[in-house]
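Enquirer: Got a structure for you, questions after.
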Amino acid sequence: QVQLVESGGGLVQAGGSLRLSCAASGRTVSNSAMGWFRQAPGKERECVAAFSMSGQNIYYLDSVKGRFTISRDNARNWVYLQMNSLKPEDTAVYYCAAASGVGWTRSQLGRSVAEYDYWGQGTQVTVSS
């Protein structure tokens, strides 16, 4: 059974930083394509960052490039999202997701909700102006 548990969300002022963590069990992050998504009220869930199984291919949403960094700790089986220079428009519930990657190459990553099979419960990030 795969479980993903996010932590690290909270309230921060614009320009501040937060680091989200995702603890994975039942699946090794070193052999998984992983992603961070967010969903703001009234909006669709979108992928903000993702990496391939190899970890060498990384995707960032244009609006977070240069501010967010996705990483993983294979030994601890954790995935992180470091968020700097936060803006009010970054306010959303953030989700960690893992793809089963059946039939994927190690360099493949996913950017859409439909490509991911396992989801965490989400953590709220609120950025005040």
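Residues in the structure tokens are named by chain (A, B, ... in the order shown) and by number from 1 within that chain; ligands are numbered from 1 in the order shown.
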Determine which residues of stretch 1-44 of chain A DSSP labels as strand (DSSP E or B) from the backbone of this structure, then write them out as a PyMOL selection string.
Expert: chain A and resi 3-7+10-13+18-25+33-39
Enquirer: Could the residues in this selection be saved with N, CA and C atoms as a PDB file, in the first residue's frame?
Expert:
ATOM      1  N   GLN A   3       1.599   5.092   0.531  1.00  0.00           N
ATOM      2  CA  GLN A   3       1.105   6.250   1.275  1.00  0.00           C
ATOM      3  C   GLN A   3       2.050   7.412   1.082  1.00  0.00           C
ATOM      4  N   LEU A   4       1.470   8.577   0.874  1.00  0.00           N
ATOM      5  CA  LEU A   4       2.226   9.822   0.756  1.00  0.00           C
ATOM      6  C   LEU A   4       1.667  10.792   1.789  1.00  0.00           C
ATOM      7  N   VAL A   5       2.527  11.328   2.621  1.00  0.00           N
ATOM      8  CA  VAL A   5       2.084  12.233   3.676  1.00  0.00           C
ATOM      9  C   VAL A   5       2.865  13.528   3.569  1.00  0.00           C
ATOM     10  N   GLU A   6       2.148  14.621   3.282  1.00  0.00           N
ATOM     11  CA  GLU A   6       2.785  15.925   3.152  1.00  0.00           C
ATOM     12  C   GLU A   6       2.827  16.645   4.494  1.00  0.00           C
ATOM     13  N   SER A   7       3.792  17.525   4.620  1.00  0.00           N
ATOM     14  CA  SER A   7       3.890  18.400   5.786  1.00  0.00           C
ATOM     15  C   SER A   7       4.651  19.653   5.373  1.00  0.00           C
ATOM     16  N   GLY A  10       1.714  26.146   5.649  1.00  0.00           N
ATOM     17  CA  GLY A  10       1.422  27.135   6.675  1.00  0.00           C
ATOM     18  C   GLY A  10       1.150  28.498   6.092  1.00  0.00           C
ATOM     19  N   LEU A  11       1.150  29.488   6.979  1.00  0.00           N
ATOM     20  CA  LEU A  11       0.911  30.879   6.593  1.00  0.00           C
ATOM     21  C   LEU A  11       2.248  31.618   6.566  1.00  0.00           C
ATOM     22  N   VAL A  12       2.502  32.307   5.476  1.00  0.00           N
ATOM     23  CA  VAL A  12       3.756  33.035   5.334  1.00  0.00           C
ATOM     24  C   VAL A  12       3.487  34.349   4.607  1.00  0.00           C
ATOM     25  N   GLN A  13       4.290  35.344   4.887  1.00  0.00           N
ATOM     26  CA  GLN A  13       4.142  36.626   4.203  1.00  0.00           C
ATOM     27  C   GLN A  13       4.775  36.559   2.812  1.00  0.00           C
ATOM     28  N   LEU A  18       8.958  28.515   2.335  1.00  0.00           N
ATOM     29  CA  LEU A  18       8.471  27.316   3.013  1.00  0.00           C
ATOM     30  C   LEU A  18       9.107  26.113   2.333  1.00  0.00           C
ATOM     31  N   ARG A  19       9.287  25.052   3.095  1.00  0.00           N
ATOM     32  CA  ARG A  19       9.723  23.796   2.500  1.00  0.00           C
ATOM     33  C   ARG A  19       8.668  22.738   2.799  1.00  0.00           C
ATOM     34  N   LEU A  20       8.094  22.204   1.747  1.00  0.00           N
ATOM     35  CA  LEU A  20       7.136  21.117   1.883  1.00  0.00           C
ATOM     36  C   LEU A  20       7.877  19.792   1.833  1.00  0.00           C
ATOM     37  N   SER A  21       7.413  18.858   2.646  1.00  0.00           N
ATOM     38  CA  SER A  21       8.006  17.525   2.675  1.00  0.00           C
ATOM     39  C   SER A  21       6.937  16.488   2.373  1.00  0.00           C
ATOM     40  N   CYS A  22       7.356  15.417   1.752  1.00  0.00           N
ATOM     41  CA  CYS A  22       6.450  14.316   1.436  1.00  0.00           C
ATOM     42  C   CYS A  22       7.133  13.017   1.836  1.00  0.00           C
ATOM     43  N   ALA A  23       6.573  12.360   2.834  1.00  0.00           N
ATOM     44  CA  ALA A  23       7.107  11.077   3.282  1.00  0.00           C
ATOM     45  C   ALA A  23       6.389   9.963   2.541  1.00  0.00           C
ATOM     46  N   ALA A  24       7.158   9.136   1.850  1.00  0.00           N
ATOM     47  CA  ALA A  24       6.577   8.063   1.049  1.00  0.00           C
ATOM     48  C   ALA A  24       6.798   6.717   1.727  1.00  0.00           C
ATOM     49  N   SER A  25       5.795   5.885   1.656  1.00  0.00           N
ATOM     50  CA  SER A  25       5.924   4.503   2.126  1.00  0.00           C
ATOM     51  C   SER A  25       5.217   3.591   1.138  1.00  0.00           C
ATOM     52  N   ALA A  33       8.449   8.259 -10.582  1.00  0.00           N
ATOM     53  CA  ALA A  33       8.270   9.619 -11.080  1.00  0.00           C
ATOM     54  C   ALA A  33       7.361  10.314 -10.072  1.00  0.00           C
ATOM     55  N   MET A  34       7.819  11.444  -9.564  1.00  0.00           N
ATOM     56  CA  MET A  34       7.108  12.138  -8.492  1.00  0.00           C
ATOM     57  C   MET A  34       6.784  13.556  -8.921  1.00  0.00           C
ATOM     58  N   GLY A  35       5.749  14.098  -8.302  1.00  0.00           N
ATOM     59  CA  GLY A  35       5.386  15.467  -8.628  1.00  0.00           C
ATOM     60  C   GLY A  35       4.744  16.181  -7.459  1.00  0.00           C
ATOM     61  N   TRP A  36       4.789  17.481  -7.509  1.00  0.00           N
ATOM     62  CA  TRP A  36       4.055  18.350  -6.586  1.00  0.00           C
ATOM     63  C   TRP A  36       3.008  19.098  -7.397  1.00  0.00           C
ATOM     64  N   PHE A  37       1.774  19.043  -6.921  1.00  0.00           N
ATOM     65  CA  PHE A  37       0.671  19.743  -7.557  1.00  0.00           C
ATOM     66  C   PHE A  37       0.093  20.749  -6.566  1.00  0.00           C
ATOM     67  N   ARG A  38      -0.687  21.676  -7.079  1.00  0.00           N
ATOM     68  CA  ARG A  38      -1.413  22.590  -6.209  1.00  0.00           C
ATOM     69  C   ARG A  38      -2.796  22.856  -6.782  1.00  0.00           C
ATOM     70  N   GLN A  39      -3.700  23.180  -5.881  1.00  0.00           N
ATOM     71  CA  GLN A  39      -5.055  23.520  -6.298  1.00  0.00           C
ATOM     72  C   GLN A  39      -5.569  24.665  -5.451  1.00  0.00           C
TER      73      GLN A  39
END
Enquirer: Which residues are near stretch 109-117 of chain A? Cut-off 12 Å, only C-alpha atoms, ignore same chain within fewer than 4 positions. Put them as a PyMOL selection string.
Expert: chain A and resi 1-4+27+31-39+44-61+95-105
Enquirer: Could you write out the selected residues, including C-alpha atoms, as an mmCIF file, in the first residue's frame?
Expert:
data_model
loop_
_atom_site.group_PDB
_atom_site.id
_atom_site.type_symbol
_atom_site.label_atom_id
_atom_site.label_comp_id
_atom_site.auth_asym_id
_atom_site.auth_seq_id
_atom_site.Cartn_x
_atom_site.Cartn_y
_atom_site.Cartn_z
ATOM 1 C CA GLN A 1 0.000 0.000 0.000
ATOM 2 C CA VAL A 2 1.453 3.320 -1.076
ATOM 3 C CA GLN A 3 1.105 6.250 1.275
ATOM 4 C CA LEU A 4 2.226 9.822 0.756
ATOM 5 C CA ARG A 27 7.076 2.758 -2.819
ATOM 6 C CA ASN A 31 12.179 4.359 -8.557
ATOM 7 C CA SER A 32 9.212 6.652 -8.972
ATOM 8 C CA ALA A 33 8.270 9.619 -11.080
ATOM 9 C CA MET A 34 7.108 12.138 -8.492
ATOM 10 C CA GLY A 35 5.386 15.467 -8.628
ATOM 11 C CA TRP A 36 4.055 18.350 -6.586
ATOM 12 C CA PHE A 37 0.671 19.743 -7.557
ATOM 13 C CA ARG A 38 -1.413 22.590 -6.209
ATOM 14 C CA GLN A 39 -5.055 23.520 -6.298
ATOM 15 C CA GLU A 44 -7.966 23.099 -11.528
ATOM 16 C CA ARG A 45 -5.164 21.141 -9.947
ATOM 17 C CA GLU A 46 -1.879 21.942 -11.674
ATOM 18 C CA CYS A 47 1.590 20.486 -11.617
ATOM 19 C CA VAL A 48 4.154 22.902 -10.199
ATOM 20 C CA ALA A 49 7.156 20.574 -10.263
ATOM 21 C CA ALA A 50 7.968 17.005 -11.197
ATOM 22 C CA PHE A 51 10.904 14.731 -11.798
ATOM 23 C CA SER A 52 11.453 11.509 -13.670
ATOM 24 C CA MET A 53 12.410 8.190 -12.099
ATOM 25 C CA SER A 54 16.032 8.884 -12.934
ATOM 26 C CA GLY A 55 15.762 12.277 -11.284
ATOM 27 C CA GLN A 56 17.567 13.831 -14.213
ATOM 28 C CA ASN A 57 14.540 15.294 -15.949
ATOM 29 C CA ILE A 58 12.782 17.984 -13.989
ATOM 30 C CA TYR A 59 9.775 20.097 -14.858
ATOM 31 C CA TYR A 60 8.691 23.399 -13.330
ATOM 32 C CA LEU A 61 5.584 25.424 -13.993
ATOM 33 C CA TYR A 95 -0.233 17.731 -3.033
ATOM 34 C CA CYS A 96 2.541 15.203 -3.410
ATOM 35 C CA ALA A 97 1.949 12.571 -6.075
ATOM 36 C CA ALA A 98 3.626 9.445 -7.384
ATOM 37 C CA ALA A 99 3.176 7.698 -10.699
ATOM 38 C CA SER A 100 3.253 3.928 -11.000
ATOM 39 C CA GLY A 101 5.201 4.539 -14.202
ATOM 40 C CA VAL A 102 4.125 1.293 -15.814
ATOM 41 C CA GLY A 103 5.607 1.340 -19.274
ATOM 42 C CA TRP A 104 7.467 4.594 -18.619
ATOM 43 C CA THR A 105 11.125 5.091 -19.326
#
Enquirer: Which residue gives the smallest distance to A:Thr126 among A:Gly16, A:Gly66, A:Thr28, A:Ser71, with only C-alpha atoms counted?
Expert: A:Gly16
Enquirer: Using only C-alpha atoms, can you tell me which of A:Gly8, A:Gly26, A:Gly42, A:Pro88 comes closest to A:Ser128?
Expert: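 Answer, going by the shortest atom-to-atom distance: A:Pro88.
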Enquirer: What is the distance between atom CA of A:Tyr94 and atom CA of A:Ala75, in Å to one decimal?
Expert: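 Separation between atom CA of A:Tyr94 and atom CA of A:Ala75: 23.4 Å.
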Enquirer: Could you tell me how far atom CA of A:Lys87 sits from atom CA of A:Tyr118, in Å to one decimal place?
Expert: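 Between atom CA of A:Tyr118 and atom CA of A:Lys87 the gap is 27.8 Å.
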Enquirer: May I ask for the distance between atom CA of A:Thr91 and atom CA of A:Ala14, given in Å to one decimal place?
Expert: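 Pair atom CA of A:Thr91 / atom CA of A:Ala14 returns 10.2 Å.
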Enquirer: Write out as a VMD selection string the set of residues from stretch 14-111 of chain A that DSSP, computed on the backbone, places in helix (DSSP H, G or I).
Expert: chain A and resid 29 to 31 62 to 64 88 to 90
Enquirer: Between A:Arg106, A:Val79, A:Ile70, A:Glu89, which one has atoms that come closest to A:Gly120, using only C-alpha atoms?
Expert: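 Between A:Arg106, A:Val79, A:Ile70, A:Glu89, the residue approaching A:Gly120 most closely is A:Val79.
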